[in-house]
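query.txt (compact mmCIF, C-alpha atoms and all ligand atoms)
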# COMPACT_ATOMS: atom_id res chain seq x y z
CA MET A 32 -18.06 46.65 37.53
CA ASN A 33 -18.97 50.21 36.67
CA GLY A 34 -22.18 51.36 35.02
CA GLN A 35 -20.75 51.58 31.54
CA ASP A 36 -19.40 48.03 31.63
CA GLN A 37 -22.72 46.72 32.81
CA TYR A 38 -24.54 48.59 30.10
CA ARG A 39 -22.16 47.18 27.54
CA GLN A 40 -22.67 43.65 28.79
CA GLU A 41 -26.43 43.99 28.43
CA ILE A 42 -25.99 45.18 24.87
CA HIS A 43 -23.72 42.24 24.17
CA SER A 44 -26.19 39.70 25.46
CA MET A 45 -29.00 41.27 23.44
CA GLU A 46 -26.81 41.17 20.35
CA LYS A 47 -26.02 37.56 21.06
CA GLN A 48 -29.73 36.75 21.09
CA LYS A 49 -30.19 38.48 17.74
CA ILE A 50 -27.24 36.63 16.25
CA MET A 51 -28.64 33.28 17.41
CA GLU A 52 -31.86 34.11 15.58
CA LEU A 53 -29.87 34.95 12.46
CA LEU A 54 -27.94 31.70 12.70
CA TYR A 55 -31.24 29.88 12.70
CA GLU A 56 -31.65 31.16 9.13
CA VAL A 57 -28.32 29.69 7.97
CA LYS A 58 -29.02 26.29 6.43
CA ASP A 59 -26.94 23.19 5.82
CA PRO A 60 -26.34 23.48 2.06
CA GLU A 61 -26.62 19.71 1.64
CA VAL A 62 -29.80 19.32 3.67
CA PRO A 63 -31.45 22.72 3.24
CA VAL A 64 -34.31 22.02 5.68
CA LEU A 65 -31.82 21.92 8.57
CA SER A 66 -30.47 25.08 10.10
CA ILE A 67 -26.97 24.97 11.51
CA LEU A 68 -28.54 25.22 14.98
CA ASP A 69 -30.64 22.10 14.28
CA LEU A 70 -27.45 20.38 13.17
CA GLY A 71 -25.78 21.27 16.47
CA ILE A 72 -22.54 22.60 15.02
CA VAL A 73 -22.58 26.04 16.65
CA ARG A 74 -20.45 25.81 19.79
CA GLU A 75 -20.18 29.38 20.93
CA VAL A 76 -21.20 32.92 20.03
CA LYS A 77 -19.18 35.70 21.62
CA VAL A 78 -19.91 39.39 21.32
CA TYR A 79 -17.33 41.79 22.71
CA THR A 80 -16.04 45.28 22.28
CA GLU A 81 -12.45 45.88 21.33
CA GLU A 82 -10.96 49.27 20.44
CA ASP A 83 -14.47 50.69 20.49
CA GLN A 84 -15.68 48.28 17.87
CA GLN A 85 -18.18 45.55 18.39
CA LYS A 86 -16.84 42.18 17.35
CA VAL A 87 -18.46 38.80 16.92
CA GLU A 88 -16.72 35.47 17.25
CA ILE A 89 -18.52 32.27 16.32
CA SER A 90 -17.12 28.76 16.87
CA ILE A 91 -18.41 25.91 14.78
CA THR A 92 -17.54 22.22 14.89
CA PRO A 93 -17.08 20.42 11.57
CA THR A 94 -19.36 17.42 11.06
CA TYR A 95 -17.11 15.25 8.88
CA SER A 96 -13.46 16.12 8.15
CA GLY A 97 -13.95 16.21 4.43
CA CYS A 98 -17.41 17.75 4.41
CA PRO A 99 -17.35 20.36 1.64
CA ALA A 100 -20.37 22.04 3.25
CA MET A 101 -18.25 23.40 6.10
CA ASP A 102 -16.55 26.08 4.01
CA VAL A 103 -19.89 27.06 2.50
CA ILE A 104 -21.46 27.27 5.96
CA SER A 105 -18.67 29.54 7.22
CA MET A 106 -19.20 31.82 4.25
CA ASP A 107 -22.99 31.79 4.66
CA ILE A 108 -22.68 32.78 8.33
CA ARG A 109 -20.40 35.64 7.40
CA LEU A 110 -22.70 36.84 4.63
CA LYS A 111 -25.78 36.64 6.82
CA LEU A 112 -24.13 38.72 9.55
CA ILE A 113 -22.65 41.26 7.15
CA GLU A 114 -26.09 41.67 5.60
CA LYS A 115 -27.40 42.67 9.03
CA GLY A 116 -24.57 45.08 9.68
CA TYR A 117 -22.10 43.01 11.70
CA ARG A 118 -18.80 43.95 10.17
CA HIS A 119 -16.23 42.33 12.42
CA VAL A 120 -16.94 38.64 12.31
CA VAL A 121 -14.47 35.89 13.11
CA ILE A 122 -15.47 32.28 12.49
CA ARG A 123 -13.38 29.66 14.20
CA GLN A 124 -13.44 25.94 13.57
CA GLN A 125 -13.26 23.99 16.78
CA LEU A 126 -12.39 20.31 16.42
CA SER A 127 -12.64 19.16 20.01
CA PRO A 128 -14.92 17.90 21.42
CA ALA A 129 -15.72 16.21 18.12
CA TRP A 130 -19.19 16.72 16.73
CA THR A 131 -21.66 13.93 17.28
CA THR A 132 -25.10 13.37 15.82
CA ASP A 133 -26.39 13.41 19.41
CA TRP A 134 -26.05 17.19 19.22
CA MET A 135 -28.70 17.36 16.54
CA THR A 136 -31.90 18.82 18.01
CA GLU A 137 -35.19 16.91 18.20
CA GLU A 138 -36.68 19.54 15.94
CA GLY A 139 -33.85 18.90 13.48
CA LYS A 140 -34.54 15.16 13.55
CA ASN A 141 -38.22 15.76 12.84
CA LYS A 142 -37.38 18.06 9.96
CA LEU A 143 -35.07 15.42 8.50
CA ARG A 144 -37.78 12.78 8.72
CA SER A 145 -40.35 14.90 6.94
CA TYR A 146 -37.73 15.69 4.31
CA GLY A 147 -37.43 11.94 3.61
CA ILE A 148 -34.15 11.29 5.42
CA ALA A 149 -34.09 8.92 8.39
CA PRO A 150 -32.61 10.81 11.36
CA PRO A 151 -29.57 9.41 13.20
CA ASN A 152 -30.18 6.89 15.96
CA PRO A 153 -28.97 7.90 19.43
CA LYS A 154 -25.31 7.00 19.57
CA GLN A 155 -25.12 4.92 22.76
CA GLN A 156 -27.83 2.43 21.95
CA PHE A 157 -27.44 1.89 18.25
CA CYS A 158 -24.25 3.20 16.69
CA ILE A 159 -22.71 0.08 15.22
CA THR A 160 -19.32 -0.27 13.64
CA GLU A 161 -18.99 -4.06 13.86
CA MET A 162 -18.93 -5.94 10.62
CA PHE A 163 -22.09 -7.10 8.90
CA GLN A 164 -24.29 -5.69 11.63
CA GLU A 165 -27.19 -3.62 10.42
CA GLU A 166 -28.60 -0.79 12.40
CA LEU A 167 -32.32 -0.81 12.90
CA VAL A 168 -33.49 2.18 10.90
CA ASN A 169 -37.09 3.29 10.54
CA CYS A 170 -38.38 4.21 7.10
CA PRO A 171 -39.00 7.97 7.10
CA ARG A 172 -42.09 7.49 4.90
CA CYS A 173 -44.06 4.62 6.41
CA ASN A 174 -42.14 4.21 9.68
CA SER A 175 -41.60 0.51 9.02
CA THR A 176 -38.57 -1.09 10.66
CA HIS A 177 -38.49 -3.65 7.88
CA THR A 178 -35.57 -1.97 6.09
CA ASN A 179 -32.29 -3.09 4.50
CA LEU A 180 -28.92 -1.43 4.26
CA ILE A 181 -27.92 -0.91 0.63
CA SER A 182 -24.70 1.00 1.16
CA GLN A 183 -22.86 2.45 4.14
CA PHE A 184 -22.06 5.54 2.14
CA GLY A 185 -24.82 7.46 0.41
CA SER A 186 -25.17 10.71 -1.50
CA THR A 187 -22.84 12.43 0.96
CA ALA A 188 -20.28 11.22 3.52
CA CYS A 189 -22.78 11.67 6.37
CA LYS A 190 -25.45 9.39 4.95
CA ALA A 191 -26.00 5.69 4.31
CA MET A 192 -28.48 4.29 1.82
CA TYR A 193 -31.37 2.10 2.91
CA LYS A 194 -34.36 0.51 1.29
CA CYS A 195 -37.77 0.02 2.88
CA LEU A 196 -39.09 -3.48 2.24
CA ASP A 197 -42.68 -2.45 2.97
CA CYS A 198 -43.20 0.69 0.91
CA THR A 199 -40.21 -0.17 -1.36
CA GLU A 200 -38.78 3.35 -1.15
CA THR A 201 -35.02 3.86 -1.16
CA PHE A 202 -33.99 6.48 1.38
CA ASP A 203 -31.00 8.14 3.00
CA TYR A 204 -30.14 7.52 6.64
CA PHE A 205 -28.17 10.20 8.45
CA LYS A 206 -25.50 7.96 10.03
CA CYS A 207 -24.83 8.25 13.71
CA HIS A 208 -21.44 9.64 14.44
CA MET B 311 6.84 24.04 16.55
CA GLN B 312 9.95 21.96 16.02
CA LYS B 313 11.10 20.27 12.89
CA HIS B 314 10.21 16.77 14.10
CA LEU B 315 6.65 17.81 14.79
CA PHE B 316 6.39 19.61 11.45
CA THR B 317 7.67 16.47 9.68
CA TYR B 318 5.28 14.26 11.61
CA LEU B 319 2.29 16.40 10.67
CA LEU B 320 3.34 16.22 7.03
CA HIS B 321 3.69 12.45 7.34
CA LEU B 322 0.17 12.06 8.75
CA ALA B 323 -1.27 14.47 6.20
CA ASP B 324 0.59 12.95 3.25
CA ASN B 325 -0.67 9.45 4.09
CA ALA B 326 -4.24 10.66 4.02
CA LEU B 327 -3.87 12.92 1.00
CA VAL B 328 -2.05 10.43 -1.23
CA LEU B 329 -4.44 7.57 -0.46
CA GLY B 330 -7.36 9.97 -0.89
CA GLN B 331 -6.00 10.90 -4.31
CA ARG B 332 -5.62 7.22 -5.28
CA ASN B 333 -9.12 6.32 -4.15
CA ALA B 334 -10.53 9.28 -6.03
CA GLU B 335 -9.39 7.56 -9.23
CA TRP B 336 -12.36 5.25 -8.69
CA THR B 337 -14.78 8.12 -9.32
CA GLY B 338 -16.96 6.88 -12.14
CA HIS B 339 -15.13 3.54 -12.29
CA GLY B 340 -16.42 1.62 -9.25
CA PRO B 341 -17.86 -1.86 -9.80
CA VAL B 342 -21.36 -0.62 -8.91
CA LEU B 343 -22.62 2.87 -8.24
CA GLU B 344 -23.03 2.44 -4.46
CA GLN B 345 -19.45 1.24 -4.03
CA ASP B 346 -18.09 3.90 -6.33
CA ILE B 347 -19.76 6.41 -4.01
CA ALA B 348 -18.47 4.63 -0.92
CA ILE B 349 -14.80 4.64 -1.88
CA THR B 350 -14.92 8.24 -3.09
CA ASN B 351 -16.58 9.29 0.17
CA ILE B 352 -13.67 7.63 1.95
CA SER B 353 -11.41 9.76 -0.25
CA LEU B 354 -13.24 12.84 0.90
CA ASP B 355 -12.82 11.89 4.56
CA LEU B 356 -9.10 11.27 4.03
CA ILE B 357 -8.52 14.52 2.19
CA GLY B 358 -10.42 16.33 4.94
CA GLN B 359 -8.20 14.75 7.58
CA ALA B 360 -5.13 15.73 5.55
CA ARG B 361 -6.38 19.33 5.47
CA HIS B 362 -6.56 19.49 9.26
CA PHE B 363 -2.95 18.31 9.56
CA TYR B 364 -1.68 20.63 6.81
CA GLN B 365 -3.49 23.59 8.35
CA TYR B 366 -1.90 22.89 11.70
CA ALA B 367 1.55 22.36 10.11
CA ALA B 368 1.30 25.64 8.19
CA LYS B 369 0.17 27.57 11.25
CA GLY B 370 2.97 26.03 13.31
CA PHE B 371 5.54 26.83 10.67
CA ASN B 372 4.46 30.47 10.42
CA GLN B 373 4.97 30.83 14.16
CA MET B 374 8.42 29.21 14.18
CA ALA B 375 11.53 31.13 15.18
CA ALA B 376 13.90 31.92 12.32
CA GLU B 377 16.38 29.15 13.10
CA GLU B 378 13.59 26.55 13.35
CA LYS B 379 12.33 27.67 9.96
CA THR B 380 15.80 27.15 8.52
CA ALA B 381 15.87 23.65 9.99
CA ALA B 382 12.61 22.81 8.22
CA ASP B 383 13.75 24.31 4.93
CA GLN B 384 14.24 20.99 3.11
CA LEU B 385 10.55 20.23 3.47
CA LEU B 386 9.24 23.49 2.05
CA PRO B 387 7.95 23.91 -1.48
CA ARG B 388 10.41 25.82 -3.62
CA ILE B 389 7.74 27.72 -5.55
CA TRP B 390 6.13 28.98 -2.36
CA LYS B 391 9.37 30.72 -1.41
CA SER B 392 8.89 33.06 -4.34
CA TYR B 393 5.35 33.97 -3.23
CA GLY B 394 6.46 36.19 -0.37
CA ARG B 395 3.53 35.29 1.88
CA GLU B 396 2.84 33.00 4.83
CA LEU B 397 2.72 29.25 4.31
CA GLU B 398 -0.76 27.82 3.65
CA GLU B 399 -2.24 24.33 3.64
CA ASP B 400 -2.47 24.21 -0.16
CA ASP B 401 1.22 25.01 -0.60
CA LEU B 402 2.09 21.95 1.47
CA ALA B 403 -0.38 19.70 -0.30
CA MET B 404 0.15 20.83 -3.85
CA LEU B 405 3.64 22.27 -4.33
CA ARG B 406 6.20 20.05 -2.66
CA ASP B 407 8.49 17.84 -4.70
CA GLU B 408 8.42 14.07 -4.55
CA HIS B 409 11.34 13.71 -2.10
CA GLN B 410 9.57 16.07 0.33
CA TYR B 411 6.56 13.81 0.80
CA ARG B 412 6.62 11.57 3.86
CA ASN B 413 3.73 9.20 3.09
CA LEU B 414 3.92 5.43 3.43
CA LEU B 415 4.69 3.68 0.15
CA ILE B 416 1.54 1.59 0.37
CA THR B 417 -0.60 4.69 -0.09
CA GLU B 418 0.95 5.67 -3.41
CA LEU B 419 0.72 2.34 -5.26
CA PRO B 420 -1.59 2.43 -8.30
CA LYS B 421 -5.19 1.58 -7.53
CA GLY B 422 -5.01 -1.82 -9.25
CA ASP B 423 -8.23 -3.81 -9.39
CA TRP B 424 -11.05 -3.60 -6.83
CA ALA B 425 -9.49 -6.31 -4.65
CA PHE B 426 -6.19 -4.42 -4.54
CA SER B 427 -7.80 -1.11 -3.58
CA ILE B 428 -9.97 -2.81 -0.96
CA LEU B 429 -7.15 -4.71 0.69
CA ARG B 430 -4.88 -1.65 0.71
CA GLN B 431 -7.69 0.40 2.27
CA TYR B 432 -8.25 -2.26 4.89
CA PHE B 433 -4.56 -2.56 5.85
CA PHE B 434 -4.23 1.20 6.01
CA SER B 435 -7.48 1.90 7.85
CA VAL B 436 -6.75 -0.63 10.58
CA PHE B 437 -3.34 0.96 11.09
CA GLN B 438 -4.77 4.47 10.98
CA PHE B 439 -7.48 3.51 13.47
CA TYR B 440 -4.94 2.41 16.11
CA GLN B 441 -2.72 5.36 15.31
CA TYR B 442 -5.59 7.80 15.91
CA GLU B 443 -6.56 5.86 19.01
CA ALA B 444 -3.10 6.57 20.43
CA LEU B 445 -3.05 10.16 19.14
CA GLN B 446 -6.33 10.99 20.88
CA CYS B 447 -4.19 11.02 24.03
CA SER B 448 -1.43 13.13 22.47
CA THR B 449 0.06 15.81 24.71
CA ASP B 450 -0.40 18.17 21.75
CA PRO B 451 -4.02 19.36 21.97
CA ASP B 452 -4.34 20.07 18.23
CA ILE B 453 -3.21 16.57 17.28
CA ALA B 454 -5.50 15.07 19.93
CA ALA B 455 -8.46 17.04 18.55
CA ILE B 456 -7.82 15.99 14.95
CA ALA B 457 -7.46 12.35 16.01
CA GLU B 458 -10.64 12.45 18.09
CA LYS B 459 -12.56 13.77 15.10
CA SER B 460 -10.99 11.50 12.48
CA ILE B 461 -11.21 8.20 14.32
CA LYS B 462 -14.99 8.20 13.97
CA GLU B 463 -14.64 8.32 10.21
CA THR B 464 -11.86 5.74 10.18
CA ALA B 465 -14.03 3.33 12.17
CA TYR B 466 -16.46 3.34 9.23
CA HIS B 467 -13.60 2.83 6.76
CA VAL B 468 -12.35 -0.19 8.70
CA ARG B 469 -15.80 -1.71 8.79
CA TRP B 470 -16.53 -1.13 5.14
CA SER B 471 -13.18 -2.45 3.88
CA ALA B 472 -13.17 -5.44 6.28
CA GLU B 473 -16.57 -6.52 5.00
CA TRP B 474 -15.27 -6.32 1.46
CA VAL B 475 -12.13 -8.32 2.28
CA ILE B 476 -14.37 -11.08 3.63
CA ARG B 477 -16.80 -10.81 0.73
CA LEU B 478 -14.00 -11.18 -1.82
CA GLY B 479 -11.97 -13.75 0.08
CA ASP B 480 -15.00 -15.89 0.85
CA GLY B 481 -16.72 -15.21 -2.47
CA THR B 482 -16.24 -16.78 -5.88
CA ASN B 483 -13.13 -18.48 -7.20
CA GLU B 484 -12.26 -15.40 -9.15
CA SER B 485 -12.72 -12.96 -6.26
CA HIS B 486 -10.65 -15.22 -4.03
CA GLN B 487 -7.89 -15.42 -6.63
CA ARG B 488 -7.89 -11.68 -7.03
CA ILE B 489 -7.62 -10.84 -3.38
CA ARG B 490 -4.87 -13.43 -2.94
CA GLN B 491 -3.01 -11.82 -5.79
CA ALA B 492 -3.51 -8.40 -4.17
CA LEU B 493 -2.22 -9.80 -0.88
CA SER B 494 0.93 -11.12 -2.51
CA GLU B 495 1.60 -7.67 -4.02
CA LEU B 496 0.71 -5.60 -0.95
CA TRP B 497 2.12 -7.57 1.92
CA MET B 498 5.73 -6.45 1.44
CA PHE B 499 4.62 -2.83 2.00
CA THR B 500 2.92 -3.43 5.36
CA GLY B 501 6.13 -3.55 7.40
CA GLU B 502 6.65 0.17 6.89
CA PHE B 503 3.63 0.95 9.08
CA PHE B 504 5.46 -0.22 12.18
CA GLU B 505 9.02 0.82 11.43
CA ALA B 506 9.56 3.97 13.49
CA SER B 507 11.35 6.81 11.76
CA PRO B 508 13.54 9.16 13.86
CA PHE B 509 10.79 11.79 13.99
CA GLU B 510 8.26 9.23 15.22
CA THR B 511 10.61 7.88 17.88
CA SER B 512 11.36 11.36 19.11
CA LEU B 513 7.70 12.42 19.27
CA ALA B 514 6.54 9.16 20.81
CA SER B 515 9.02 9.66 23.64
CA THR B 516 7.38 12.97 24.58
CA GLY B 517 3.83 11.66 24.21
CA THR B 518 3.15 13.91 21.23
CA GLY B 519 3.16 11.16 18.63
CA ALA B 520 2.22 7.49 18.46
CA ASP B 521 4.84 4.74 18.54
CA PRO B 522 4.11 2.73 15.38
CA ALA B 523 5.90 -0.36 16.71
CA ALA B 524 3.37 -0.52 19.54
CA ILE B 525 0.55 -0.81 17.00
CA LYS B 526 1.92 -3.91 15.30
CA GLN B 527 0.39 -6.55 17.56
CA LYS B 528 -3.05 -4.92 17.55
CA TRP B 529 -2.94 -4.65 13.79
CA MET B 530 -1.90 -8.30 13.40
CA ASP B 531 -4.68 -9.44 15.73
CA ALA B 532 -7.34 -7.47 13.88
CA VAL B 533 -6.15 -8.62 10.47
CA SER B 534 -5.99 -12.27 11.61
CA VAL B 535 -9.64 -12.22 12.64
CA VAL B 536 -10.81 -10.85 9.31
CA PHE B 537 -8.45 -13.09 7.34
CA SER B 538 -9.75 -16.20 9.04
CA GLU B 539 -13.29 -15.27 7.98
CA ALA B 540 -12.09 -14.41 4.51
CA GLY B 541 -10.21 -17.71 4.11
CA LEU B 542 -6.87 -15.93 3.70
CA ASP B 543 -3.57 -16.73 5.38
CA ILE B 544 -1.21 -14.15 6.81
CA PRO B 545 1.87 -14.42 4.61
CA VAL B 546 5.09 -15.62 6.17
CA ALA B 547 7.17 -13.53 3.76
CA PRO B 548 8.98 -10.56 5.32
CA ALA B 549 7.53 -7.11 4.65
CA LEU B 550 10.61 -5.09 3.91
CA GLN B 551 9.64 -2.36 1.45
CA SER B 552 10.08 1.05 2.99
CA GLY B 553 11.39 4.52 2.26
CA GLY B 554 8.35 6.79 2.19
CA LYS B 555 9.00 8.26 5.62
CA LYS B 556 12.45 9.31 4.38
CA GLY B 557 11.14 10.71 1.12
CA ILE B 558 12.30 7.79 -1.01
CA HIS B 559 9.31 6.80 -3.11
CA THR B 560 8.27 4.23 -5.69
CA GLU B 561 8.28 5.01 -9.39
CA TYR B 562 4.53 5.62 -9.18
CA MET B 563 4.71 8.67 -6.94
CA GLY B 564 5.93 11.09 -9.59
CA TYR B 565 3.00 10.31 -11.87
CA LEU B 566 0.53 10.73 -9.03
CA LEU B 567 1.97 14.12 -8.14
CA ALA B 568 2.07 15.23 -11.75
CA GLU B 569 -1.67 14.70 -12.02
CA MET B 570 -2.53 16.04 -8.58
CA GLN B 571 -0.34 19.14 -8.74
CA PHE B 572 -0.83 20.14 -12.35
CA LEU B 573 -3.32 22.90 -11.70
CA GLN B 574 -1.46 24.67 -8.89
CA ARG B 575 1.84 24.47 -10.73
CA THR B 576 0.46 25.67 -14.04
CA TYR B 577 -1.83 28.34 -12.58
CA PRO B 578 -0.18 29.32 -9.29
CA ASN B 579 -2.63 30.30 -6.53
CA ALA B 580 -5.63 29.39 -8.68
CA GLN B 581 -8.81 29.30 -6.62
CA TRP B 582 -11.73 26.93 -7.05
ZN ZN C 601 -41.38 2.53 4.05

Kindly return the structure encoded in the file as structure tokens.
Ligand SMILES: [Zn+2]
Amino acid sequence: MNGQDQYRQEIHSMEKQKIMELLYEVKDPEVPVLSILDLGIVREVKVYTEEDQQKVEISITPTYSGCPAMDVISMDIRLKLIEKGYRHVVIRQQLSPAWTTDWMTEEGKNKLRSYGIAPPNPKQQFCITEMFQEELVNCPRCNSTHTNLISQFGSTACKAMYKCLDCTETFDYFKCH
Amino acid sequence: MQKHLFTYLLHLADNALVLGQRNAEWTGHGPVLEQDIAITNISLDLIGQARHFYQYAAKGFNQMAAEEKTAADQLLPRIWKSYGRELEEDDLAMLRDEHQYRNLLITELPKGDWAFSILRQYFFSVFQFYQYEALQCSTDPDIAAIAEKSIKETAYHVRWSAEWVIRLGDGTNESHQRIRQALSELWMFTGEFFEASPFETSLASTGTGADPAAIKQKWMDAVSVVFSEAGLDIPVAPALQSGGKKGIHTEYMGYLLAEMQFLQRTYPNAQW
């Protein structure tokens, strides 16, 4: 590797850092307290130079197939980067490995809870798809486990609707996936 | 991409799109708000799955050699040919004619009452679940990736619809009557799931596609368990209605397409 290549690589990794910080500012349009990094949908950020131009390639994994937020997120990423002067941006959707709620960060789960949405349970222990089985979900307001499933599908495809029997609040549960 | 694969992708996409369109008719008409939201969320999942298959089909078509493109000509939307640009997902979804759709007949039947929509969803979702299960191991990495993603959603659809089949079957006299009526109308369309078309046979032999005949026993076993809880009997009548995979549809398909395609045909290339 010659000196120029090495220099270039250092620039690229610094740029990558900056881009990660910018991505932290891109929010999930349906749950605006969560950044797309909290959500765990950013798979890869690549910065490279081609024909003397610096290019950025970002891979994201869709959450749900029909999630209308995915197109908005792609556009928001592009806008955010253009705003900061990155002109050659490619956003790729990567389907495999499929996104799972386990990729959501702890910080993201805490933000969800304080926003009034119960965060997803860890997949291995709790994710239940058998009939008439209810997942144990804690109320995001009073933390009671005394809760009832109202509907498996809530305000968006990623959420179910629950009711807390202690504080009587109805709340969304971010389903494990 | 070869014609068989292109056809297969359209078949998988059309199943999801057409049923998604039917379920979307429940928007604002569900029996209670929560279930209205549930079935329309299932629509959204299905339409999203359809998009993945159409996107892959369009990309594959654009990369075909000239003679392969000619072979696939019968499946292409006529209006698109006048556009003079590459094929896109929306052209496939919104501009083909009735005989170019390869969806199963069961997906295009009118939504009927709640029992009918529920039982149709259940039959379809169980089939789709095992189909995706097989496709996760497809030798085609794009198909495997779409299946891996979609099966998680389908697992929820199976659960939701199975619970409703039991609730209606084991519910009141009226709900039981209604789901039995739905069963008598739907059963004849279930045979088509497992009847392999030439494109399915060809793709199953290379490990690209799933052999629908191999799904039959699993489907029967799953349905039997739920039916026994719901107090329903598996009909003995043969299930002989088919044609969708060949592009021969029921009288209902034209009306569905007329509504679904109106905007793109009247205002070509209109954007949301
Ligand atoms: Zn509570």

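With the cut-off set to 7 Å and only C-alpha atoms and all ligand atoms counted, the residues surrounding ligand ZN 601 (chain C) are Cys170, Pro171, Arg172, Cys173, Asn174, Ser175, Cys195, Leu196, Asp197, Cys198, Thr199 and Glu200 of chain A.
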
Save the residues we just selected, C-alpha atoms, as an mmCIF file, in the coordinates of the input?
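Result saved to again.cif:
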data_model
loop_
_atom_site.group_PDB
_atom_site.id
_atom_site.type_symbol
_atom_site.label_atom_id
_atom_site.label_comp_id
_atom_site.auth_asym_id
_atom_site.auth_seq_id
_atom_site.Cartn_x
_atom_site.Cartn_y
_atom_site.Cartn_z
ATOM 1 C CA CYS A 170 -38.380 4.210 7.100
ATOM 2 C CA PRO A 171 -39.000 7.970 7.100
ATOM 3 C CA ARG A 172 -42.090 7.490 4.900
ATOM 4 C CA CYS A 173 -44.060 4.620 6.410
ATOM 5 C CA ASN A 174 -42.140 4.210 9.680
ATOM 6 C CA SER A 175 -41.600 0.510 9.020
ATOM 7 C CA CYS A 195 -37.770 0.020 2.880
ATOM 8 C CA LEU A 196 -39.090 -3.480 2.240
ATOM 9 C CA ASP A 197 -42.680 -2.450 2.970
ATOM 10 C CA CYS A 198 -43.200 0.690 0.910
ATOM 11 C CA THR A 199 -40.210 -0.170 -1.360
ATOM 12 C CA GLU A 200 -38.780 3.350 -1.150
#

Determine, for each residue of chain A having at least one atom at most 12 Å from an atom of chain B, the closest pair of atoms and their separation in Å to one decimal, counting all atoms listed in the file; order by chain and ascending number, as a tab-separated table.
residue	atom	partner	partner_atom	distance
A:Thr92	CA	B:Lys459	CA	9.8
A:Pro93	CA	B:Lys459	CA	8.8
A:Thr94	CA	B:Lys459	CA	8.7
A:Tyr95	CA	B:Asp355	CA	7.0
A:Ser96	CA	B:Gly358	CA	4.4
A:Gly97	CA	B:Gly358	CA	3.6
A:Cys98	CA	B:Gly358	CA	7.2
A:Pro99	CA	B:Leu354	CA	8.6
A:Ala100	CA	B:Gly358	CA	11.6
A:Met101	CA	B:Gly358	CA	10.6
A:Asp102	CA	B:Gly358	CA	11.6
A:Gln124	CA	B:His362	CA	10.4
A:Gln125	CA	B:Ala455	CA	8.6
A:Leu126	CA	B:Ala455	CA	5.5
A:Ser127	CA	B:Ala455	CA	4.9
A:Pro128	CA	B:Ala455	CA	7.1
A:Ala129	CA	B:Lys459	CA	5.0
A:Trp130	CA	B:Lys459	CA	7.4
A:Thr131	CA	B:Lys459	CA	9.4
A:Thr132	CA	B:Lys462	CA	11.5
A:Lys154	CA	B:Lys462	CA	11.8
A:Cys158	CA	B:Tyr466	CA	10.8
A:Ile159	CA	B:Tyr466	CA	9.3
A:Thr160	CA	B:Arg469	CA	6.2
A:Glu161	CA	B:Arg469	CA	6.4
A:Met162	CA	B:Arg469	CA	5.6
A:Phe163	CA	B:Glu473	CA	6.8
A:Gln164	CA	B:Arg469	CA	9.8
A:Glu165	CA	B:Arg469	CA	11.7
A:Leu180	CA	B:Glu344	CA	11.2
A:Ile181	CA	B:Glu344	CA	7.8
A:Ser182	CA	B:Glu344	CA	6.0
A:Gln183	CA	B:Ala348	CA	7.0
A:Phe184	CA	B:Ala348	CA	4.8
A:Gly185	CA	B:Ile347	CA	6.8
A:Ser186	CA	B:Ile347	CA	7.4
A:Thr187	CA	B:Asn351	CA	7.0
A:Ala188	CA	B:Asn351	CA	5.4
A:Cys189	CA	B:Asn351	CA	9.1
A:Lys190	CA	B:Asn351	CA	10.1
A:Ala191	CA	B:Ala348	CA	9.2
A:Met192	CA	B:Glu344	CA	8.5
A:Tyr193	CA	B:Glu344	CA	11.1
A:Lys206	CA	B:Tyr466	CA	10.2
A:Cys207	CA	B:Lys462	CA	9.8
A:His208	CA	B:Lys462	CA	6.6

Neighbours of segment 115-122 of chain A within 6 Å (all atoms listed in the file; same-chain residues fewer than 3 positions away dropped), as a list in words?
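Those residues are Lys86, Val87, Glu88, Ile89, Ser90 and Leu112 of chain A.
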
Quick check, in Å to one decimal: how far apart do atom CA of Gln438 of chain B and atom CA of Thr500 of chain B lie?
12.4 Å

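Taking all atoms listed in the file, the non-local environment of segment 62-73 of chain A within 6 Å (same-chain residues fewer than 4 positions away omitted) comprises A:Tyr55, A:Val57, A:Lys58, A:Ile91, A:Thr92, A:Trp134, A:Met135, A:Thr136, A:Gly139.
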
May I have the selected residues written with C-alpha atoms, as a compact mmCIF listing (two decimals), in the frame of the given file?
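Saved to part25.txt:
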# COMPACT_ATOMS: atom_id res chain seq x y z
CA TYR A 55 -31.24 29.88 12.70
CA VAL A 57 -28.32 29.69 7.97
CA LYS A 58 -29.02 26.29 6.43
CA ILE A 91 -18.41 25.91 14.78
CA THR A 92 -17.54 22.22 14.89
CA TRP A 134 -26.05 17.19 19.22
CA MET A 135 -28.70 17.36 16.54
CA THR A 136 -31.90 18.82 18.01
CA GLY A 139 -33.85 18.90 13.48

Using only C-alpha atoms for the distances, tell me which of B:Gln441, B:Gln574, B:Gln410, B:Ser435 is nearest to Gly554 of chain B.
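With only C-alpha atoms as the atom set, the closest residue is B:Gln410.
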
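The space separating atom CA of Val78 of chain A from atom CA of Asp59 of chain A comes to 23.5 Å.
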